[in-house]
Every structure is written in C-alpha cells, then in structure tokens.
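Coordinates as given in work-v9.cif (mmCIF, C-alpha atoms):
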data_target
#
loop_
_atom_site.group_PDB
_atom_site.id
_atom_site.type_symbol
_atom_site.label_atom_id
_atom_site.label_comp_id
_atom_site.auth_asym_id
_atom_site.auth_seq_id
_atom_site.Cartn_x
_atom_site.Cartn_y
_atom_site.Cartn_z
ATOM 1 C CA MET W 163 201.912 291.635 118.535
ATOM 2 C CA PRO W 164 200.571 289.216 121.212
ATOM 3 C CA SER W 165 199.225 290.736 124.391
ATOM 4 C CA LYS W 166 201.246 290.403 127.542
ATOM 5 C CA PRO W 167 199.861 287.761 129.935
ATOM 6 C CA PRO W 168 198.573 289.071 133.255
ATOM 7 C CA PRO W 169 201.036 288.881 136.141
ATOM 8 C CA ILE W 170 200.772 285.818 138.344
ATOM 9 C CA THR W 171 199.618 286.877 141.804
ATOM 10 C CA ILE W 172 198.290 285.177 144.911
ATOM 11 C CA ASP W 173 195.257 287.483 144.721
ATOM 12 C CA ALA W 174 194.359 285.832 141.406
ATOM 13 C CA VAL W 175 194.485 282.448 143.151
ATOM 14 C CA TYR W 176 192.311 283.711 146.024
ATOM 15 C CA ALA W 177 189.677 284.931 143.549
ATOM 16 C CA ALA W 178 189.571 281.730 141.462
ATOM 17 C CA PRO W 179 186.377 279.641 141.743
ATOM 18 C CA GLY W 180 188.288 276.392 142.312
ATOM 19 C CA TYR W 181 190.217 277.895 145.193
ATOM 20 C CA LEU W 182 187.061 279.335 146.738
ATOM 21 C CA PHE W 183 185.222 276.000 146.430
ATOM 22 C CA ARG W 184 188.158 274.172 148.034
ATOM 23 C CA ARG W 185 188.310 276.662 150.906
ATOM 24 C CA MET W 186 184.557 276.431 151.478
ATOM 25 C CA GLN W 187 184.845 272.631 151.515
ATOM 26 C CA GLN W 188 187.536 272.918 154.207
ATOM 27 C CA ILE W 189 185.344 275.311 156.189
ATOM 28 C CA ALA W 190 182.249 273.115 155.771
ATOM 29 C CA VAL W 191 184.076 270.010 157.001
ATOM 30 C CA SER W 192 185.561 271.932 159.927
ATOM 31 C CA ILE W 193 182.149 273.239 160.995
ATOM 32 C CA PHE W 194 180.598 269.764 160.588
ATOM 33 C CA MET W 195 183.344 268.204 162.707
ATOM 34 C CA GLU W 196 182.958 270.860 165.422
ATOM 35 C CA GLU W 197 179.185 270.476 165.660
ATOM 36 C CA CYS W 198 179.263 266.669 165.431
ATOM 37 C CA LYS W 199 182.439 265.928 167.437
ATOM 38 C CA THR W 200 180.629 263.922 170.123
ATOM 39 C CA PHE W 201 179.376 261.506 167.445
ATOM 40 C CA ASP W 202 182.779 260.725 165.890
ATOM 41 C CA LEU W 203 181.426 260.724 162.316
ATOM 42 C CA THR W 204 182.799 262.374 159.195
ATOM 43 C CA PRO W 205 180.518 264.023 156.619
ATOM 44 C CA VAL W 206 181.012 261.046 154.267
ATOM 45 C CA GLN W 207 180.191 258.543 157.022
ATOM 46 C CA TYR W 208 177.062 260.556 157.794
ATOM 47 C CA ALA W 209 176.033 260.572 154.115
ATOM 48 C CA ALA W 210 176.610 256.815 153.918
ATOM 49 C CA LEU W 211 174.462 256.209 157.012
ATOM 50 C CA ILE W 212 171.658 258.345 155.571
ATOM 51 C CA ALA W 213 171.791 256.461 152.254
ATOM 52 C CA ILE W 214 171.833 253.049 153.969
ATOM 53 C CA HIS W 215 168.947 254.123 156.219
ATOM 54 C CA THR W 216 166.976 255.329 153.196
ATOM 55 C CA HIS W 217 167.854 252.275 151.079
ATOM 56 C CA PRO W 218 168.397 249.260 153.377
ATOM 57 C CA GLY W 219 170.091 246.427 151.518
ATOM 58 C CA ILE W 220 172.060 248.685 149.192
ATOM 59 C CA ASP W 221 175.433 247.335 148.066
ATOM 60 C CA ALA W 222 178.667 249.330 148.143
ATOM 61 C CA THR W 223 178.721 249.995 144.382
ATOM 62 C CA ARG W 224 175.251 251.527 144.432
ATOM 63 C CA LEU W 225 176.030 253.376 147.673
ATOM 64 C CA SER W 226 179.012 254.924 145.899
ATOM 65 C CA ALA W 227 176.723 256.125 143.096
ATOM 66 C CA VAL W 228 174.081 257.448 145.505
ATOM 67 C CA ILE W 229 176.495 259.591 147.532
ATOM 68 C CA ALA W 230 178.910 260.295 144.625
ATOM 69 C CA PHE W 231 181.935 258.967 146.467
ATOM 70 C CA ASP W 232 184.843 256.970 145.051
ATOM 71 C CA ARG W 233 184.090 253.235 145.337
ATOM 72 C CA SER W 234 187.616 252.223 146.378
ATOM 73 C CA THR W 235 187.721 254.805 149.187
ATOM 74 C CA LEU W 236 184.167 253.990 150.238
ATOM 75 C CA GLY W 237 185.315 250.523 151.299
ATOM 76 C CA SER W 238 187.299 251.985 154.188
ATOM 77 C CA VAL W 239 184.372 254.222 155.133
ATOM 78 C CA ILE W 240 182.115 251.164 155.341
ATOM 79 C CA GLU W 241 184.753 249.269 157.351
ATOM 80 C CA ARG W 242 184.925 252.115 159.879
ATOM 81 C CA LEU W 243 181.139 252.206 160.185
ATOM 82 C CA GLN W 244 181.103 248.453 160.649
ATOM 83 C CA ALA W 245 183.852 248.652 163.301
ATOM 84 C CA LYS W 246 181.734 251.218 165.178
ATOM 85 C CA ASP W 247 178.790 248.766 164.967
ATOM 86 C CA PHE W 248 176.692 251.239 162.934
ATOM 87 C CA VAL W 249 176.462 249.092 159.801
ATOM 88 C CA GLU W 250 176.303 245.393 159.088
ATOM 89 C CA ARG W 251 176.997 243.534 155.854
ATOM 90 C CA ARG W 252 174.888 240.567 154.838
ATOM 91 C CA PRO W 253 175.353 238.397 151.742
ATOM 92 C CA ALA W 254 172.774 238.861 148.980
ATOM 93 C CA LEU W 255 170.468 235.877 148.563
ATOM 94 C CA GLU W 256 171.008 235.643 144.792
ATOM 95 C CA ASP W 257 174.809 236.134 144.924
ATOM 96 C CA LYS W 258 176.666 235.516 148.191
ATOM 97 C CA ARG W 259 179.690 237.480 146.898
ATOM 98 C CA ILE W 260 177.649 240.690 147.026
ATOM 99 C CA LYS W 261 177.383 242.177 150.500
ATOM 100 C CA LEU W 262 174.302 244.242 151.293
ATOM 101 C CA LEU W 263 174.426 247.041 153.839
ATOM 102 C CA TYR W 264 172.026 247.587 156.723
ATOM 103 C CA LEU W 265 172.017 249.912 159.715
ATOM 104 C CA THR W 266 172.358 248.294 163.101
ATOM 105 C CA LYS W 267 170.307 249.506 166.069
ATOM 106 C CA SER W 268 173.329 251.604 167.103
ATOM 107 C CA GLY W 269 173.565 253.033 163.590
ATOM 108 C CA ALA W 270 169.900 254.005 163.580
ATOM 109 C CA ALA W 271 170.268 255.565 167.034
ATOM 110 C CA ILE W 272 173.314 257.668 166.159
ATOM 111 C CA LEU W 273 171.650 258.813 162.954
ATOM 112 C CA ARG W 274 168.604 259.941 164.920
ATOM 113 C CA ASP W 275 170.757 261.650 167.564
ATOM 114 C CA ILE W 276 173.142 263.446 165.191
ATOM 115 C CA ILE W 277 170.459 265.196 163.093
ATOM 116 C CA PRO W 278 170.249 268.338 165.317
ATOM 117 C CA ALA W 279 174.051 268.730 165.231
ATOM 118 C CA VAL W 280 174.105 268.348 161.441
ATOM 119 C CA GLU W 281 171.334 270.931 161.113
ATOM 120 C CA ARG W 282 173.348 273.344 163.309
ATOM 121 C CA ALA W 283 176.409 272.782 161.123
ATOM 122 C CA GLN W 284 174.452 273.460 157.932
ATOM 123 C CA ALA W 285 172.995 276.642 159.406
ATOM 124 C CA ARG W 286 176.434 277.842 160.595
ATOM 125 C CA MET W 287 177.893 277.446 157.113
ATOM 126 C CA LEU W 288 175.391 279.914 155.700
ATOM 127 C CA GLU W 289 174.884 282.091 158.802
ATOM 128 C CA PRO W 290 177.092 285.000 157.641
ATOM 129 C CA LEU W 291 174.860 285.525 154.588
ATOM 130 C CA LYS W 292 171.539 287.331 154.422
ATOM 131 C CA PRO W 293 168.582 284.943 153.969
ATOM 132 C CA ALA W 294 168.063 285.951 150.315
ATOM 133 C CA ASP W 295 171.763 285.426 149.615
ATOM 134 C CA ARG W 296 171.642 281.963 151.247
ATOM 135 C CA LYS W 297 168.800 280.955 148.953
ATOM 136 C CA ALA W 298 170.567 282.384 145.898
ATOM 137 C CA LEU W 299 173.861 280.688 146.772
ATOM 138 C CA LEU W 300 172.228 277.288 147.292
ATOM 139 C CA GLY W 301 170.322 277.621 144.029
ATOM 140 C CA LEU W 302 173.455 278.519 142.089
ATOM 141 C CA LEU W 303 175.532 275.784 143.749
ATOM 142 C CA ALA W 304 172.878 273.168 142.976
ATOM 143 C CA GLN W 305 172.802 274.367 139.376
ATOM 144 C CA LEU W 306 176.615 274.268 139.056
ATOM 145 C CA VAL W 307 176.810 270.790 140.583
ATOM 146 C CA GLU W 308 174.111 269.451 138.257
ATOM 147 C CA LEU W 309 175.568 271.058 135.131
ATOM 148 C CA ASN W 310 179.104 269.886 135.960
ATOM 149 C CA ASN W 311 178.162 266.412 137.246
ATOM 150 C CA GLU W 312 179.839 264.598 134.362
ATOM 151 C CA ALA W 313 183.134 266.416 135.009
ATOM 152 C CA SER W 314 183.394 264.738 138.431
ATOM 153 C CA ARG W 315 185.678 261.763 139.055
ATOM 154 C CA VAL W 316 182.579 260.215 140.639
ATOM 155 C CA PRO W 317 179.429 261.594 139.003
ATOM 156 C CA LEU W 318 176.236 261.345 141.005
ATOM 157 C CA ARG W 319 174.270 258.376 139.672
ATOM 158 C CA ALA W 320 171.601 258.042 142.325
ATOM 159 C CA GLU W 321 168.671 257.463 139.962
ATOM 160 C CA ASP W 322 170.438 254.706 138.026
ATOM 161 C CA ALA W 323 171.609 253.010 141.207
ATOM 162 C CA LEU W 324 168.247 253.200 142.907
ATOM 163 C CA GLU W 325 166.363 252.054 139.834
ATOM 164 C CA HIS W 326 168.489 248.878 139.816
ATOM 165 C CA LEU W 327 168.069 248.505 143.563
ATOM 166 C CA GLY W 328 164.286 248.725 143.184
ATOM 167 C CA LYS W 329 164.297 246.019 140.533
ATOM 168 C CA ALA W 330 166.555 243.790 142.617
ATOM 169 C CA GLY W 331 164.539 244.217 145.792
#
Could I get this file's structure written as structure tokens?
Amino acid sequence: MPSKPPPITIDAVYAAPGYLFRRMQQIAVSIFMEECKTFDLTPVQYAALIAIHTHPGIDATRLSAVIAFDRSTLGSVIERLQAKDFVERRPALEDKRIKLLYLTKSGAAILRDIIPAVERAQARMLEPLKPADRKALLGLLAQLVELNNEASRVPLRAEDALEHLGKAG
C-alpha cells in the first residue's frame, strides 16, 4: 500500500530552500537599495559598472557572461547607465557593429563614491549572524552556486568571456 503524501502546508513552503533563497534575495536587494539610495543604482547596475571598470572595452555579450545576467535584459541596464552618463558605447575597430563599453568620468566617480554604501549593505545582510556563521554561510553559498552553475538560466561564464576579451584586446 503506497504511503500517504505529507499534507501541504505553508510551513513546508517557508522551510523550502528555494523559498528561503528568494526571500533572502528580496532582503538583500532591499538592504542594498536602502544603503545606496542616494546613488540611484540597482545591484545589477552596480555589478555592470564594476565589470566595465575592471574590463574596459567589454561588449554586452561578454558583460552578460561576466555578471551572469540575461543578455536581453542587460540591454536595458546598459541603456539606463548610458542615460545617466555612467557608461559610453564605442564601436569596435575590427567590427563597427559591436559596441564596446567604457566608464565615463561620472561612472568612475559614482563607482568610487558608492563603495562604502555597498560595503555597509553587505555587512548588514550578514549582521544578525555570528562571525563564524557568516563565514560558514558564505562558504556554503559559494559552493552551492558553483555546483549548481549549469542549472542557471544564465550560467556564470566569466573565464570564457574574459579569455576571449584578452585575445581580442
């Protein structure tokens, strides 16, 4: 005789890893937005600015791979950064259809100025935990992200993207 399935309860939802990850993502974004409100940047815009700063001349496809963000959605992120005068697009010398991304002076300045707020946000996210638990959580999260990378709609492909960028530049 088959066993009876467990009853469906909201407590089961609250204890599920997917639910907990989604809630922590909501909390993380909320904290980031609170700490960084004067800069008018989202976490994805911040990540894009960091990647462009680190890899000037990166194109949108490689930027998508470096920050593991959907390429079609990234276009609007880049447009917003360009409208704020934080990023400029320049045609590639070898193929004018490809637009390369560079920080403007304003983009470099906001990136420099926002770092303390981002650091406060990161600290606030983990603040309720004991220091040893923070370290353990980050280690386990990094491990889960790496081991499940291929399950993502947009797997992180930073090494592949940057290897190509290095050869092109």
Item to complete: Pick out the closest residue to Val280 in chain W from this set: W:Arg315, W:Lys258, W:Lys297, W:Lys199. Count all atoms listed in the file.
Response: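 Going through W:Arg315, W:Lys258, W:Lys297, W:Lys199 one by one, the smallest distance to Val280 in chain W is for W:Lys199.
Taking only C-alpha atoms into account, Leu263 in chain W lies nearest to W:Ala222 out of the set W:Ile229, W:Ala294, W:Leu288, W:Ala222.
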Item to complete: Report as a ChimeraX atom specification the residues that result from applying the PyMOL selection byres ((chain W and resi 220) around 6) to the structure here.
Response: /W:217-219,221,262-263
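Pairwise distance (CA of Pro205 in chain W, CA of Ser192 in chain W) equals 9.9 Å.
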Practice prompt. Determine the residue set returned by the PyMOL selection byres ((chain W and resi 243-253) around 10) for the present structure, and present it as an NGL selection string.
Written response: :W and (202-203 or 207-208 or 210-211 or 214-215 or 219-222 or 237-242 or 254-273)
Could the centre and edge lengths of an axis-aligned box, enclosing all atoms of range 269-272 of chain W in the file with 5 Å extra on each side, be given in Å to one decimal as JSON?
{"center_x": 171.7, "center_y": 255.4, "center_z": 165.3, "size_x": 13.7, "size_y": 14.6, "size_z": 13.5}
Worksheet item: Which neighbours of Ser226 in chain W fall inside 10 Å, counting all atoms listed in the file, when residues of the same chain fewer than 4 positions from it are skipped, and could you give them as number ranges by chain?
Response: W: 210, 213, 220-222, 230-237, 316-320, 323
Worksheet item: Can you tell me how far CA of Asp322 in chain W sits from CA of Asn310 in chain W, in Å to one decimal?
Response: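 These atoms are spaced 17.6 Å apart.
The spacing separating CA of Thr223 in chain W from CA of Glu321 in chain W amounts to 13.3 Å.
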Determine, using only C-alpha atoms, which residues of range 256-325 of chain W have any atom at most 10 Å from an atom of range 181-191 of chain W, and tabulate each with its shortest atom pair and distance in Å to one decimal place, rows ordered by chain and then rising number, as a tab-separated table.
residue	atom	partner	partner_atom	distance
W:Ala283	CA	W:Ala190	CA	7.9
W:Gln284	CA	W:Ala190	CA	8.1
W:Arg286	CA	W:Ala190	CA	8.9
W:Met287	CA	W:Ala190	CA	6.3
W:Leu288	CA	W:Ala190	CA	9.7
Would you mind putting N, CA and C atoms back on range 248-282 of chain W and writing the result as a compact mmCIF listing (two decimals), keeping the file's coordinate frame?
# COMPACT_ATOMS: atom_id res chain seq x y z
N PHE W 248 177.79 250.44 163.49
CA PHE W 248 176.69 251.24 162.93
C PHE W 248 176.10 250.60 161.68
N VAL W 249 176.87 249.72 161.06
CA VAL W 249 176.46 249.09 159.80
C VAL W 249 176.81 247.61 159.86
N GLU W 250 175.97 246.80 159.24
CA GLU W 250 176.30 245.39 159.09
C GLU W 250 176.18 245.02 157.62
N ARG W 251 177.01 244.05 157.23
CA ARG W 251 177.00 243.53 155.85
C ARG W 251 176.40 242.13 155.89
N ARG W 252 175.48 241.90 154.96
CA ARG W 252 174.89 240.57 154.84
C ARG W 252 175.00 240.13 153.39
N PRO W 253 175.26 238.85 153.14
CA PRO W 253 175.35 238.40 151.74
C PRO W 253 173.99 238.48 151.06
N ALA W 254 174.01 238.84 149.78
CA ALA W 254 172.77 238.86 148.98
C ALA W 254 172.31 237.43 148.76
N LEU W 255 171.02 237.23 148.75
CA LEU W 255 170.47 235.88 148.56
C LEU W 255 170.83 235.30 147.20
N GLU W 256 170.77 236.13 146.15
CA GLU W 256 171.01 235.64 144.79
C GLU W 256 172.49 235.50 144.45
N ASP W 257 173.37 236.20 145.19
CA ASP W 257 174.81 236.13 144.92
C ASP W 257 175.55 236.42 146.22
N LYS W 258 176.04 235.39 146.87
CA LYS W 258 176.67 235.52 148.19
C LYS W 258 177.92 236.40 148.17
N ARG W 259 178.51 236.62 146.98
CA ARG W 259 179.69 237.48 146.90
C ARG W 259 179.33 238.95 147.12
N ILE W 260 178.10 239.30 146.85
CA ILE W 260 177.65 240.69 147.03
C ILE W 260 177.19 240.86 148.47
N LYS W 261 177.75 241.88 149.11
CA LYS W 261 177.38 242.18 150.50
C LYS W 261 176.44 243.37 150.53
N LEU W 262 175.31 243.19 151.17
CA LEU W 262 174.30 244.24 151.29
C LEU W 262 174.46 244.94 152.64
N LEU W 263 174.18 246.22 152.65
CA LEU W 263 174.43 247.04 153.84
C LEU W 263 173.13 247.39 154.55
N TYR W 264 173.17 247.28 155.87
CA TYR W 264 172.03 247.59 156.72
C TYR W 264 172.52 248.34 157.95
N LEU W 265 171.70 249.25 158.46
CA LEU W 265 172.02 249.91 159.72
C LEU W 265 171.77 248.94 160.86
N THR W 266 172.61 249.02 161.86
CA THR W 266 172.36 248.29 163.10
C THR W 266 171.47 249.19 163.98
N LYS W 267 171.07 248.67 165.14
CA LYS W 267 170.31 249.51 166.07
C LYS W 267 171.14 250.71 166.50
N SER W 268 172.44 250.50 166.73
CA SER W 268 173.33 251.60 167.10
C SER W 268 173.44 252.62 165.97
N GLY W 269 173.49 252.13 164.75
CA GLY W 269 173.56 253.03 163.59
C GLY W 269 172.31 253.88 163.46
N ALA W 270 171.16 253.26 163.65
CA ALA W 270 169.90 254.00 163.58
C ALA W 270 169.82 255.03 164.71
N ALA W 271 170.31 254.66 165.88
CA ALA W 271 170.27 255.56 167.03
C ALA W 271 171.18 256.77 166.82
N ILE W 272 172.40 256.53 166.35
CA ILE W 272 173.31 257.67 166.16
C ILE W 272 172.80 258.58 165.05
N LEU W 273 172.21 258.00 164.04
CA LEU W 273 171.65 258.81 162.95
C LEU W 273 170.53 259.70 163.49
N ARG W 274 169.69 259.16 164.31
CA ARG W 274 168.60 259.94 164.92
C ARG W 274 169.18 261.04 165.81
N ASP W 275 170.20 260.71 166.59
CA ASP W 275 170.76 261.65 167.56
C ASP W 275 171.61 262.75 166.93
N ILE W 276 172.23 262.47 165.79
CA ILE W 276 173.14 263.45 165.19
C ILE W 276 172.42 264.52 164.38
N ILE W 277 171.18 264.28 163.98
CA ILE W 277 170.46 265.20 163.09
C ILE W 277 170.48 266.65 163.59
N PRO W 278 170.20 266.94 164.87
CA PRO W 278 170.25 268.34 165.32
C PRO W 278 171.63 268.97 165.15
N ALA W 279 172.69 268.20 165.39
CA ALA W 279 174.05 268.73 165.23
C ALA W 279 174.35 269.01 163.76
N VAL W 280 173.91 268.14 162.88
CA VAL W 280 174.10 268.35 161.44
C VAL W 280 173.33 269.59 160.99
N GLU W 281 172.12 269.74 161.48
CA GLU W 281 171.33 270.93 161.11
C GLU W 281 172.01 272.21 161.60
N ARG W 282 172.60 272.18 162.80
CA ARG W 282 173.35 273.34 163.31
C ARG W 282 174.55 273.64 162.41
